[in-house]
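Text of my_file-v2.tsv (TSV, C-alpha atoms and all ligand atoms) as supplied:
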```
chain	number	residue	atom	x	y	z
A	1	MET	CA	-6.04	-5.98	21.31
A	2	ALA	CA	-5.60	-2.28	20.61
A	3	LEU	CA	-5.05	-0.35	17.42
A	4	PRO	CA	-1.26	0.03	16.97
A	5	ARG	CA	-0.11	3.58	17.71
A	6	ILE	CA	1.52	3.99	14.30
A	7	LEU	CA	-1.78	3.25	12.52
A	8	LYS	CA	-3.75	5.52	14.83
A	9	ASP	CA	-1.30	8.36	14.15
A	10	LEU	CA	-1.11	7.89	10.39
A	11	PHE	CA	-4.85	7.44	9.90
A	12	THR	CA	-5.48	10.72	11.71
A	13	LEU	CA	-3.29	12.87	9.43
A	14	PRO	CA	-4.55	14.78	6.37
A	15	THR	CA	-3.27	13.65	2.97
A	16	ALA	CA	-4.09	13.91	-0.74
A	17	SER	CA	-2.05	13.49	-3.93
A	18	PHE	CA	0.73	16.13	-4.05
A	19	ARG	CA	-0.34	17.25	-0.54
A	20	GLU	CA	1.30	14.52	1.51
A	21	SER	CA	3.51	16.72	3.69
A	22	ALA	CA	1.79	15.91	7.01
A	23	VAL	CA	2.40	12.19	6.46
A	24	LEU	CA	5.95	12.68	5.14
A	25	ASP	CA	6.87	14.96	8.07
A	26	TYR	CA	5.52	12.37	10.49
A	27	LEU	CA	7.52	9.61	8.78
A	28	ALA	CA	10.71	11.66	8.74
A	29	ASP	CA	10.29	12.22	12.46
A	30	ALA	CA	9.38	8.60	13.32
A	31	CYS	CA	12.14	7.08	11.16
A	32	GLY	CA	14.65	9.83	12.03
A	33	LYS	CA	14.53	8.66	15.65
A	34	LEU	CA	15.63	5.15	14.71
A	35	VAL	CA	19.33	4.50	15.24
A	36	GLY	CA	20.85	2.96	12.13
A	37	VAL	CA	18.20	4.29	9.73
A	38	GLN	CA	19.39	6.86	7.17
A	39	LEU	CA	16.84	9.15	5.55
A	40	LYS	CA	16.84	11.12	2.36
A	41	TYR	CA	14.34	12.76	0.03
A	42	ASP	CA	14.78	12.27	-3.69
A	43	ARG	CA	14.32	15.21	-6.06
A	44	TYR	CA	10.58	14.55	-6.24
A	45	GLY	CA	10.01	14.54	-2.50
A	46	ASN	CA	9.67	10.76	-2.11
A	47	LEU	CA	11.18	9.76	1.25
A	48	LEU	CA	13.72	6.92	1.37
A	49	ALA	CA	14.70	5.17	4.61
A	50	HIS	CA	17.67	2.80	4.61
A	51	TYR	CA	18.47	0.30	7.36
A	52	ARG	CA	21.71	-1.64	7.36
A	53	ARG	CA	23.52	-3.58	10.04
A	54	GLY	CA	26.46	-5.91	9.44
A	55	SER	CA	27.97	-6.89	6.11
A	56	GLN	CA	25.55	-8.16	3.49
A	57	LYS	CA	25.97	-11.17	1.26
A	58	ILE	CA	22.68	-10.80	-0.58
A	59	PRO	CA	21.28	-7.78	-2.42
A	60	PRO	CA	18.82	-5.81	-0.30
A	61	LEU	CA	15.08	-5.64	-0.83
A	62	ALA	CA	13.17	-2.40	-1.17
A	63	PHE	CA	9.60	-1.98	0.06
A	64	VAL	CA	7.51	0.79	-1.50
A	65	ALA	CA	4.21	2.27	-0.30
A	66	HIS	CA	2.38	5.47	-1.14
A	67	THR	CA	1.53	8.28	1.27
A	68	ASP	CA	-1.47	9.78	-0.55
A	69	HIS	CA	-5.12	8.73	-0.74
A	70	PRO	CA	-7.97	9.80	-3.07
A	71	GLY	CA	-9.02	13.22	-1.85
A	72	PHE	CA	-9.55	16.93	-2.39
A	73	VAL	CA	-7.22	19.88	-2.80
A	74	ALA	CA	-8.61	23.41	-2.28
A	75	LEU	CA	-8.34	25.67	-5.35
A	76	GLU	CA	-10.19	28.92	-4.50
A	77	MET	CA	-13.12	30.36	-2.56
A	78	VAL	CA	-15.83	31.23	-5.07
A	79	ASP	CA	-17.82	33.13	-2.40
A	80	ASN	CA	-17.82	33.18	1.42
A	81	HIS	CA	-19.17	29.66	1.73
A	82	THR	CA	-18.28	27.96	-1.53
A	83	LEU	CA	-14.95	26.35	-2.34
A	84	ARG	CA	-13.80	25.13	-5.72
A	85	ALA	CA	-11.65	22.05	-5.14
A	86	ALA	CA	-9.81	19.49	-7.24
A	87	PHE	CA	-10.46	15.81	-6.64
A	88	ARG	CA	-7.47	13.53	-7.17
A	89	GLY	CA	-8.05	9.78	-7.34
A	90	GLY	CA	-10.52	7.21	-8.62
A	91	VAL	CA	-13.95	7.53	-7.01
A	92	ARG	CA	-17.11	7.08	-9.04
A	93	PRO	CA	-19.35	10.15	-9.51
A	94	GLU	CA	-22.45	8.69	-7.82
A	95	PHE	CA	-20.64	8.72	-4.46
A	96	PHE	CA	-20.16	12.51	-4.48
A	97	ALA	CA	-23.79	13.61	-4.12
A	98	ASP	CA	-24.09	15.64	-0.90
A	99	ALA	CA	-21.12	13.76	0.60
A	100	LYS	CA	-19.44	15.21	3.70
A	101	VAL	CA	-15.93	16.56	3.32
A	102	ARG	CA	-13.23	17.94	5.67
A	103	LEU	CA	-10.34	20.19	4.68
A	104	PHE	CA	-7.19	20.75	6.74
A	105	ASP	CA	-6.13	24.38	7.12
A	106	GLY	CA	-2.87	23.71	8.96
A	107	ALA	CA	-4.38	23.89	12.44
A	108	GLY	CA	-7.67	22.01	12.23
A	109	TRP	CA	-10.39	20.65	10.02
A	110	ILE	CA	-12.99	22.75	8.23
A	111	LYS	CA	-16.09	20.77	7.38
A	112	GLY	CA	-18.15	20.94	4.23
A	113	ARG	CA	-20.43	19.14	1.78
A	114	VAL	CA	-20.10	18.48	-1.94
A	115	LEU	CA	-22.53	20.70	-3.89
A	116	GLU	CA	-21.80	19.54	-7.40
A	117	ILE	CA	-19.25	17.99	-9.72
A	118	THR	CA	-18.04	20.67	-12.14
A	119	GLN	CA	-15.47	18.73	-14.13
A	120	GLN	CA	-14.99	15.06	-15.00
A	121	SER	CA	-12.34	13.18	-16.91
A	122	PRO	CA	-13.51	11.49	-20.12
A	123	PRO	CA	-14.23	7.77	-19.60
A	124	PRO	CA	-10.96	5.81	-19.70
A	125	ALA	CA	-9.99	4.12	-22.99
A	126	GLY	CA	-10.25	0.65	-21.46
A	127	GLY	CA	-13.83	1.28	-20.31
A	128	GLY	CA	-15.26	2.14	-16.90
A	129	PRO	CA	-16.80	5.29	-15.48
A	130	SER	CA	-15.38	8.80	-15.83
A	131	ARG	CA	-13.73	10.39	-12.80
A	132	PRO	CA	-14.77	13.60	-11.07
A	133	GLU	CA	-11.83	16.03	-11.18
A	134	GLU	CA	-13.32	19.26	-9.84
A	135	VAL	CA	-16.15	20.00	-7.43
A	136	LEU	CA	-17.84	22.80	-5.57
A	137	VAL	CA	-17.96	22.33	-1.80
A	138	ARG	CA	-20.11	24.27	0.65
A	139	VAL	CA	-17.76	25.03	3.55
A	140	ARG	CA	-18.20	26.46	7.05
A	141	GLY	CA	-15.15	28.73	6.84
A	142	THR	CA	-12.53	30.12	4.48
A	143	VAL	CA	-10.15	27.49	3.10
A	144	GLU	CA	-6.76	28.52	1.73
A	145	PRO	CA	-5.73	27.25	-1.72
A	146	GLY	CA	-3.65	24.08	-1.51
A	147	ALA	CA	-5.32	22.72	1.63
A	148	PRO	CA	-5.74	18.92	1.47
A	149	GLY	CA	-9.22	17.53	1.96
A	150	MET	CA	-10.68	14.12	2.73
A	151	TRP	CA	-14.08	12.52	3.10
A	152	ASP	CA	-15.49	13.46	6.49
A	153	LEU	CA	-15.36	10.00	8.06
A	154	PRO	CA	-14.69	9.09	11.71
A	155	ASP	CA	-11.20	8.84	13.20
A	156	PRO	CA	-9.65	5.35	13.10
A	157	VAL	CA	-11.18	2.64	15.22
A	158	LEU	CA	-10.63	-1.07	15.84
A	159	ARG	CA	-13.78	-3.24	15.90
A	160	GLY	CA	-12.94	-6.84	16.63
A	161	ASP	CA	-10.24	-7.60	14.08
A	162	ARG	CA	-11.38	-4.85	11.73
A	163	VAL	CA	-9.46	-1.58	11.42
A	164	LEU	CA	-11.67	1.19	10.02
A	165	ALA	CA	-10.13	4.43	8.78
A	166	ARG	CA	-10.47	7.22	6.23
A	167	ASP	CA	-7.40	6.02	4.35
A	168	CYS	CA	-6.23	2.43	4.88
A	169	ASP	CA	-5.02	2.77	1.26
A	170	ASP	CA	-2.07	3.04	1.66
A	171	LEU	CA	-1.31	4.29	5.15
A	172	ALA	CA	-1.76	0.71	6.37
A	173	GLY	CA	1.13	-0.27	4.05
A	174	VAL	CA	3.17	2.74	5.14
A	175	GLY	CA	2.58	1.87	8.81
A	176	ALA	CA	3.67	-1.73	8.25
A	177	MET	CA	6.98	-0.54	6.77
A	178	VAL	CA	7.66	1.83	9.68
A	179	THR	CA	6.88	-1.01	12.10
A	180	LEU	CA	9.36	-3.21	10.23
A	181	LEU	CA	12.10	-0.59	10.63
A	182	GLN	CA	11.29	-0.11	14.32
A	183	ARG	CA	11.46	-3.84	14.88
A	184	LEU	CA	14.78	-4.29	13.08
A	185	VAL	CA	16.29	-1.44	15.09
A	186	ARG	CA	14.94	-2.76	18.39
A	187	LYS	CA	16.34	-6.24	17.70
A	188	HIS	CA	19.68	-4.94	16.37
A	189	ALA	CA	18.93	-7.28	13.49
A	190	ARG	CA	21.65	-8.00	10.96
A	191	GLY	CA	20.32	-7.16	7.55
A	192	GLU	CA	19.62	-4.44	5.07
A	193	VAL	CA	16.42	-2.96	3.68
A	194	TYR	CA	15.16	0.14	1.93
A	195	CYS	CA	11.71	1.61	2.57
A	196	LEU	CA	10.50	4.11	-0.01
A	197	PHE	CA	7.50	6.29	0.82
A	198	THR	CA	6.10	7.70	-2.41
A	199	ARG	CA	3.81	10.55	-3.44
A	200	ALA	CA	0.85	10.93	-5.80
A	201	GLU	CA	0.15	7.26	-6.49
A	202	GLU	CA	-3.56	7.89	-6.95
A	203	LEU	CA	-2.95	9.85	-10.16
A	204	GLY	CA	-1.04	6.93	-11.72
A	205	PHE	CA	2.04	6.15	-9.58
A	206	ILE	CA	3.53	9.58	-10.33
A	207	GLY	CA	5.87	9.56	-7.32
A	208	ALA	CA	7.00	5.99	-8.02
A	209	LEU	CA	7.59	6.84	-11.70
A	210	GLY	CA	9.73	9.78	-10.58
A	211	ALA	CA	11.67	7.53	-8.20
A	212	ALA	CA	12.19	4.89	-10.92
A	213	ARG	CA	13.40	7.49	-13.43
A	214	ALA	CA	15.68	9.17	-10.88
A	215	GLU	CA	16.97	5.76	-9.70
A	216	THR	CA	16.19	6.67	-6.13
A	217	LEU	CA	16.56	2.91	-5.65
A	218	PRO	CA	19.62	1.44	-7.42
A	219	LYS	CA	18.65	-0.74	-10.40
A	220	HIS	CA	19.88	-4.03	-8.94
A	221	MET	CA	17.46	-3.69	-6.05
A	222	ARG	CA	14.39	-5.92	-5.91
A	223	VAL	CA	11.25	-3.96	-5.29
A	224	ILE	CA	8.18	-5.07	-3.38
A	225	SER	CA	5.16	-2.82	-3.82
A	226	VAL	CA	3.15	-2.76	-0.60
A	227	GLU	CA	-0.55	-2.05	-1.02
A	228	THR	CA	-4.07	-2.48	0.13
A	229	SER	CA	-6.13	-3.91	-2.73
A	230	SER	CA	-9.86	-4.35	-3.09
A	231	ALA	CA	-10.93	-7.63	-1.43
A	232	LEU	CA	-12.16	-10.25	-3.90
A	233	PRO	CA	-14.41	-13.28	-3.39
A	234	HIS	CA	-11.34	-15.53	-3.59
A	235	ALA	CA	-9.12	-13.11	-1.61
A	236	PRO	CA	-11.04	-12.25	1.55
A	237	ILE	CA	-10.27	-9.83	4.35
A	238	GLY	CA	-8.90	-11.85	7.28
A	239	GLY	CA	-7.58	-14.64	5.04
A	240	GLY	CA	-3.98	-13.58	5.61
A	241	VAL	CA	-1.45	-11.28	3.98
A	242	ILE	CA	-1.52	-11.57	0.19
A	243	ILE	CA	1.48	-12.43	-1.98
A	244	ARG	CA	0.45	-10.85	-5.21
A	245	VAL	CA	1.17	-12.62	-8.47
A	246	GLY	CA	-0.07	-9.64	-10.41
A	247	ASP	CA	-2.55	-6.80	-10.66
A	248	ARG	CA	-4.95	-5.30	-13.19
A	249	SER	CA	-2.13	-4.37	-15.56
A	250	ALA	CA	0.60	-6.97	-15.17
A	251	VAL	CA	1.61	-10.41	-14.02
A	252	TYR	CA	4.77	-10.03	-12.01
A	253	PRO	CA	8.00	-11.83	-12.88
A	254	PRO	CA	7.84	-15.14	-11.02
A	255	GLU	CA	11.30	-15.20	-9.38
A	256	LEU	CA	10.66	-12.55	-6.75
A	257	THR	CA	7.09	-13.74	-6.12
A	258	SER	CA	8.44	-17.26	-5.69
A	259	PHE	CA	10.97	-15.99	-3.13
A	260	CYS	CA	8.16	-14.34	-1.14
A	261	LEU	CA	6.18	-17.57	-1.33
A	262	ARG	CA	9.05	-19.68	-0.04
A	263	VAL	CA	9.69	-17.34	2.90
A	264	ALA	CA	5.95	-17.24	3.72
A	265	GLN	CA	5.73	-21.05	3.66
A	266	GLN	CA	8.68	-21.32	6.02
A	267	LEU	CA	7.22	-18.64	8.31
A	268	ALA	CA	3.87	-20.47	8.40
A	269	LYS	CA	5.66	-23.60	9.63
A	270	ARG	CA	7.40	-21.89	12.52
A	271	ARG	CA	4.87	-19.24	13.52
A	272	ARG	CA	1.44	-20.32	14.70
A	273	GLY	CA	-1.40	-18.21	13.37
A	274	PHE	CA	0.53	-16.80	10.41
A	275	ALA	CA	-1.63	-17.07	7.30
A	276	PHE	CA	-0.97	-15.98	3.75
A	277	GLN	CA	-2.70	-16.11	0.38
A	278	ARG	CA	-1.22	-16.18	-3.13
A	279	LYS	CA	-3.52	-14.25	-5.43
A	280	LEU	CA	-3.94	-12.26	-8.59
A	281	MET	CA	-5.32	-8.97	-7.22
A	282	ASP	CA	-6.74	-7.37	-10.33
A	283	GLY	CA	-9.00	-4.82	-8.62
A	284	GLY	CA	-6.33	-2.18	-9.20
A	285	ALA	CA	-2.84	-1.56	-10.53
A	286	CYS	CA	0.07	-0.89	-8.20
A	287	GLU	CA	3.46	0.79	-8.09
A	288	ALA	CA	5.24	-2.44	-9.10
A	289	ASN	CA	4.27	-1.40	-12.66
A	290	ALA	CA	6.25	1.84	-12.43
A	291	PHE	CA	9.40	-0.06	-11.46
A	292	LEU	CA	8.84	-2.92	-13.94
A	293	ALA	CA	8.50	-0.33	-16.72
A	294	HIS	CA	11.94	1.02	-15.82
A	295	GLY	CA	13.84	-2.26	-15.73
A	296	TYR	CA	13.54	-3.20	-12.08
A	297	THR	CA	12.48	-6.59	-10.78
A	298	ALA	CA	9.31	-5.98	-8.83
A	299	THR	CA	6.42	-7.80	-7.21
A	300	GLY	CA	3.68	-7.00	-4.72
A	301	ILE	CA	2.41	-7.81	-1.25
A	302	CYS	CA	-0.93	-6.48	-0.09
A	303	LEU	CA	-3.82	-6.57	2.32
A	304	ALA	CA	-7.38	-7.25	1.22
A	305	LEU	CA	-9.27	-3.97	1.56
A	306	GLY	CA	-12.93	-3.28	2.28
A	307	ASN	CA	-14.74	-0.23	0.84
A	308	TYR	CA	-11.96	0.37	-1.69
A	309	HIS	CA	-11.44	4.11	-2.23
A	310	ASN	CA	-14.17	4.77	0.34
A	311	MET	CA	-16.88	3.40	-1.95
A	312	ASP	CA	-19.31	1.50	0.27
A	313	ILE	CA	-21.09	-0.31	-2.55
A	314	ALA	CA	-23.70	-1.98	-0.32
A	315	ARG	CA	-24.84	1.30	1.24
A	316	ARG	CA	-24.20	3.31	-1.94
A	317	LYS	CA	-22.36	6.01	-0.04
A	318	ILE	CA	-18.92	7.10	1.12
A	319	GLY	CA	-17.63	4.94	3.99
A	320	SER	CA	-14.49	4.10	5.96
A	321	GLU	CA	-12.06	1.71	4.37
A	322	TYR	CA	-11.16	-1.35	6.42
A	323	VAL	CA	-8.57	-4.09	6.72
A	324	SER	CA	-7.95	-6.97	9.13
A	325	LEU	CA	-5.49	-6.24	11.96
A	326	ARG	CA	-4.36	-9.89	11.90
A	327	ASP	CA	-3.61	-9.61	8.18
A	328	TRP	CA	-1.66	-6.41	8.88
A	329	GLN	CA	0.36	-8.01	11.67
A	330	GLY	CA	1.04	-10.99	9.38
A	331	MET	CA	2.28	-8.56	6.74
A	332	VAL	CA	4.80	-7.03	9.17
A	333	ASN	CA	5.95	-10.52	10.17
A	334	LEU	CA	6.39	-11.49	6.54
A	335	PHE	CA	8.40	-8.31	5.82
A	336	GLU	CA	10.72	-9.13	8.71
A	337	ALA	CA	11.16	-12.73	7.54
A	338	LEU	CA	11.93	-11.53	3.99
A	339	VAL	CA	14.60	-9.11	5.21
A	340	LEU	CA	16.20	-11.62	7.56
A	341	ASP	CA	16.02	-14.60	5.20
A	342	GLU	CA	19.48	-16.02	4.76
A	343	GLN	CA	19.06	-17.88	1.49
A	344	GLY	CA	18.11	-14.71	-0.33
A	345	PRO	CA	15.93	-13.77	-3.26
A	346	ASP	CA	17.59	-16.20	-5.68
A	347	VAL	CA	16.13	-19.15	-3.81
A	348	GLY	CA	12.46	-19.45	-4.60
A	349	ASP	CA	9.69	-21.87	-3.83
A	350	THR	CA	10.78	-25.33	-5.01
A	351	SER	CA	7.92	-27.29	-3.45
A	352	LEU	CA	6.06	-27.74	-6.73
A	353	ALA	CA	9.14	-29.04	-8.57
A	354	GLU	CA	9.82	-31.45	-5.69
A	355	ARG	CA	6.23	-32.66	-5.66
A	356	LEU	CA	6.19	-33.23	-9.42
A	357	ASP	CA	9.50	-35.04	-9.21
A	358	LYS	CA	8.16	-37.46	-6.60
A	359	LEU	CA	5.00	-38.04	-8.59
A	360	PHE	CA	6.94	-38.75	-11.76
A	361	LYS	CA	9.25	-41.21	-10.02
A	362	LYS	CA	6.23	-43.05	-8.61
A	363	TYR	CA	4.79	-43.68	-12.08
A	364	GLU	CA	7.93	-43.64	-14.20
A	365	THR	CA	8.19	-47.43	-14.61
A	366	GLN	CA	4.55	-47.66	-15.74
A	367	LEU	CA	5.16	-44.95	-18.26
A	368	GLU	CA	8.19	-46.79	-19.59
A	369	ALA	CA	6.31	-50.12	-19.72
A	370	ARG	CA	3.70	-48.59	-22.11
A	371	GLU	CA	0.90	-50.76	-20.71
B	401	ZN	ZN	-3.09	2.31	-2.94
```
Spell out the structure here as structure tokens.
Ligand SMILES: [Zn+2]
Amino acid sequence: MALPRILKDLFTLPTASFRESAVLDYLADACGKLVGVQLKYDRYGNLLAHYRRGSQKIPPLAFVAHTDHPGFVALEMVDNHTLRAAFRGGVRPEFFADAKVRLFDGAGWIKGRVLEITQQSPPPAGGGPSRPEEVLVRVRGTVEPGAPGMWDLPDPVLRGDRVLARDCDDLAGVGAMVTLLQRLVRKHARGEVYCLFTRAEELGFIGALGAARAETLPKHMRVISVETSSALPHAPIGGGVIIRVGDRSAVYPPELTSFCLRVAQQLAKRRRGFAFQRKLMDGGACEANAFLAHGYTATGICLALGNYHNMDIARRKIGSEYVSLRDWQGMVNLFEALVLDEQGPDVGDTSLAERLDKLFKKYETQLEARE
């Protein structure tokens, strides 16, 4: 098995919050080639792709994934070899010491090392460590203000079933949505779906909040936030795509989650090797919150992620993030099944009700007899 081209491409591009243009340009190009897919940017620069073929009886779904990743943005050269840079995203301070960095100057990467943290956010109200917000980086060349920077980790690679990359979060989700669109187009599939590629999630779903406020997606649309989320002991990498019942901040409304569950159960029956998990992924909060806060119905689907935000806890240093390729492929298959499902989002998982009904009928006479 090889690393899918879309993932290889996306994982090689530079990105950081508010500096996502390399990824967005790539997506506009890749999706712009697809016959039947309409593209538009909303006023905040989020990119919306819309696929529709045939008349639709059921309201369309919208998938949402973010194009940024925790990283650096160049501010100014302090002297010939020292750059002041912002850091945008949640990475704990102890991982910064002497860590290797790369900044993209438009043509290539300029390498560097973190010298010191010069500014940190106060610790969050709910507890937890403070976040580095500004650093000094020793660099090998001049870096222009605005250049995006990332941890200097190897290019993407597939080892067994494990995909290692600088930024699985959330380019793995983005890549799954592009693959969905490509597949629908190739199959001339009858159906409708929206894919929204957002900006600046790592600072608190800023792009998604903009999209929700601007109604980039019409209000009647049902939103599925696509993420990678820190693997948990009960939600392992390789255990299958995860239907998320909630995150750190919210439990999602059950109707849409129940729809995803029903479609996944049906897919598991007809497709060998398809595995899924139903979990509360409370290692982080996702863009579903932004849409829920603005009156949308929203839920989440994610992949279990290793080395969340590049924090390799075991080795106490910055490392590549990783996901399971099988989980990723299962996620694409689930997306396709959700879009093509003919019963629609109003029909959820009824297996529990049916099971309880059977059980009650079995014992009903004993209950009535009051033994
Ligand atoms: Zn993410």
Interatomic distance, atom CA of Val323 of chain A to atom CA of Leu217 of chain A (Å, one decimal) =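 These atoms are spaced 28.9 Å apart.
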All residues having an atom within 7 Å of ligand ZN 401 (chain B) (all atoms listed in the file) as a CSV table (one decimal) with C-alpha atoms, in the frame of the given file:
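After the write, part.csv holds the following:
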```
chain,number,residue,atom,x,y,z
A,66,HIS,CA,2.4,5.5,-1.1
A,169,ASP,CA,-5.0,2.8,1.3
A,170,ASP,CA,-2.1,3.0,1.7
A,201,GLU,CA,0.2,7.3,-6.5
A,202,GLU,CA,-3.6,7.9,-7.0
A,227,GLU,CA,-0.6,-2.0,-1.0
A,228,THR,CA,-4.1,-2.5,0.1
A,229,SER,CA,-6.1,-3.9,-2.7
A,286,CYS,CA,0.1,-0.9,-8.2
```
What is the distance, in Å and to one decimal place, between atom CA of Leu305 of chain A and atom CA of Ala231 of chain A?
->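 If I compute the distance from atom CA of Leu305 of chain A to atom CA of Ala231 of chain A, I get 5.0 Å.
The two atoms in question, atom CA of Arg222 of chain A and atom CA of Glu20 of chain A, are spaced 25.4 Å apart.
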Sphere at (7.7, -6.7, -17.4), radius 8 Å, counting all atoms listed in the file: residues as a list in words | Ala250, Val251, Tyr252, Pro253, Asn289, Leu292, Ala293 and Gly295 of chain A
Could you pull out every residue with an atom within 10 Å of (17.0, -18.0, -7.5), file coordinates, counting only C-alpha atoms, and send them as number ranges by chain?
-> A: 255-256, 258-259, 343-350
Save out the residues we just selected, C-alpha atoms, as a JSON list (two decimals), in the frame of the given file.
```json
[["chain", "number", "residue", "atom", "x", "y", "z"],
["A", 255, "GLU", "CA", 11.30, -15.20, -9.38],
["A", 256, "LEU", "CA", 10.66, -12.55, -6.75],
["A", 258, "SER", "CA", 8.44, -17.26, -5.69],
["A", 259, "PHE", "CA", 10.97, -15.99, -3.13],
["A", 343, "GLN", "CA", 19.06, -17.88, 1.49],
["A", 344, "GLY", "CA", 18.11, -14.71, -0.33],
["A", 345, "PRO", "CA", 15.93, -13.77, -3.26],
["A", 346, "ASP", "CA", 17.59, -16.20, -5.68],
["A", 347, "VAL", "CA", 16.13, -19.15, -3.81],
["A", 348, "GLY", "CA", 12.46, -19.45, -4.60],
["A", 349, "ASP", "CA", 9.69, -21.87, -3.83],
["A", 350, "THR", "CA", 10.78, -25.33, -5.01]]
```
Find, counting all atoms listed in the file, the residue in A:Pro233, A:Ile318, A:Tyr363, A:Phe335 that gets nearest to Ala304 of chain A.
-> A:Pro233
Pick out the closest residue to Val78 of chain A from this set: A:Val143, A:Ile117, A:Ile206, A:Ala165. Count all atoms listed in the file.
->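 That would be A:Val143, the residue with the smallest distance to Val78 of chain A.
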Residue contacts of Ala65 of chain A (12 Å, all atoms listed in the file) excluding same-chain residues fewer than 5 positions away, as a count of residues only | 40
Taking all atoms listed in the file into account, which of A:Ile237, A:Val91, A:Leu232, A:Leu181 comes nearest Arg326 of chain A?
->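 Of A:Ile237, A:Val91, A:Leu232, A:Leu181, the one nearest Arg326 of chain A, counting all atoms listed in the file, is A:Ile237.
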Which one of A:Leu184, A:Ile110, A:Leu267, A:Ala62 sits closest to Leu34 of chain A if you count only C-alpha atoms?
->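 The answer is A:Leu184, which sits nearest to Leu34 of chain A.
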Near Val137 of chain A, counting all atoms listed in the file, which residues have an atom at most 12 Å away, once you skip same-chain residues fewer than 4 positions from it, shown as a PyMOL selection string?
-> chain A and resi 72-87+96-103+110-118+141-143+149-151
With C-alpha atoms retained, could you export that selection as a JSON list (two decimals), in the frame of the given file?
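Here's the written file part-v2.json:
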```json
[["chain", "number", "residue", "atom", "x", "y", "z"],
["A", 72, "PHE", "CA", -9.55, 16.93, -2.39],
["A", 73, "VAL", "CA", -7.22, 19.88, -2.80],
["A", 74, "ALA", "CA", -8.61, 23.41, -2.28],
["A", 75, "LEU", "CA", -8.34, 25.67, -5.35],
["A", 76, "GLU", "CA", -10.19, 28.92, -4.50],
["A", 77, "MET", "CA", -13.12, 30.36, -2.56],
["A", 78, "VAL", "CA", -15.83, 31.23, -5.07],
["A", 79, "ASP", "CA", -17.82, 33.13, -2.40],
["A", 80, "ASN", "CA", -17.82, 33.18, 1.42],
["A", 81, "HIS", "CA", -19.17, 29.66, 1.73],
["A", 82, "THR", "CA", -18.28, 27.96, -1.53],
["A", 83, "LEU", "CA", -14.95, 26.35, -2.34],
["A", 84, "ARG", "CA", -13.80, 25.13, -5.72],
["A", 85, "ALA", "CA", -11.65, 22.05, -5.14],
["A", 86, "ALA", "CA", -9.81, 19.49, -7.24],
["A", 87, "PHE", "CA", -10.46, 15.81, -6.64],
["A", 96, "PHE", "CA", -20.16, 12.51, -4.48],
["A", 97, "ALA", "CA", -23.79, 13.61, -4.12],
["A", 98, "ASP", "CA", -24.09, 15.64, -0.90],
["A", 99, "ALA", "CA", -21.12, 13.76, 0.60],
["A", 100, "LYS", "CA", -19.44, 15.21, 3.70],
["A", 101, "VAL", "CA", -15.93, 16.56, 3.32],
["A", 102, "ARG", "CA", -13.23, 17.94, 5.67],
["A", 103, "LEU", "CA", -10.34, 20.19, 4.68],
["A", 110, "ILE", "CA", -12.99, 22.75, 8.23],
["A", 111, "LYS", "CA", -16.09, 20.77, 7.38],
["A", 112, "GLY", "CA", -18.15, 20.94, 4.23],
["A", 113, "ARG", "CA", -20.43, 19.14, 1.78],
["A", 114, "VAL", "CA", -20.10, 18.48, -1.94],
["A", 115, "LEU", "CA", -22.53, 20.70, -3.89],
["A", 116, "GLU", "CA", -21.80, 19.54, -7.40],
["A", 117, "ILE", "CA", -19.25, 17.99, -9.72],
["A", 118, "THR", "CA", -18.04, 20.67, -12.14],
["A", 141, "GLY", "CA", -15.15, 28.73, 6.84],
["A", 142, "THR", "CA", -12.53, 30.12, 4.48],
["A", 143, "VAL", "CA", -10.15, 27.49, 3.10],
["A", 149, "GLY", "CA", -9.22, 17.53, 1.96],
["A", 150, "MET", "CA", -10.68, 14.12, 2.73],
["A", 151, "TRP", "CA", -14.08, 12.52, 3.10]]
```
Residues at most 10 Å from Gly54 of chain A, counting only C-alpha atoms, excluding those fewer than 4 positions away in the same chain, as an MDAnalysis selection string?
-> chainID A and resid 188:192
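Distance annotation: of A:Val139, A:Val193, A:Ala107, A:Pro93, the residue with the minimal separation from Ser121 of chain A is A:Pro93; atom set is all atoms listed in the file.
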Choose the residue, out of A:Ile58, A:Leu338, A:Lys279, A:Ser320, that has the smallest atom-to-atom separation from Asp152 of chain A; count all atoms listed in the file.
-> A:Ser320
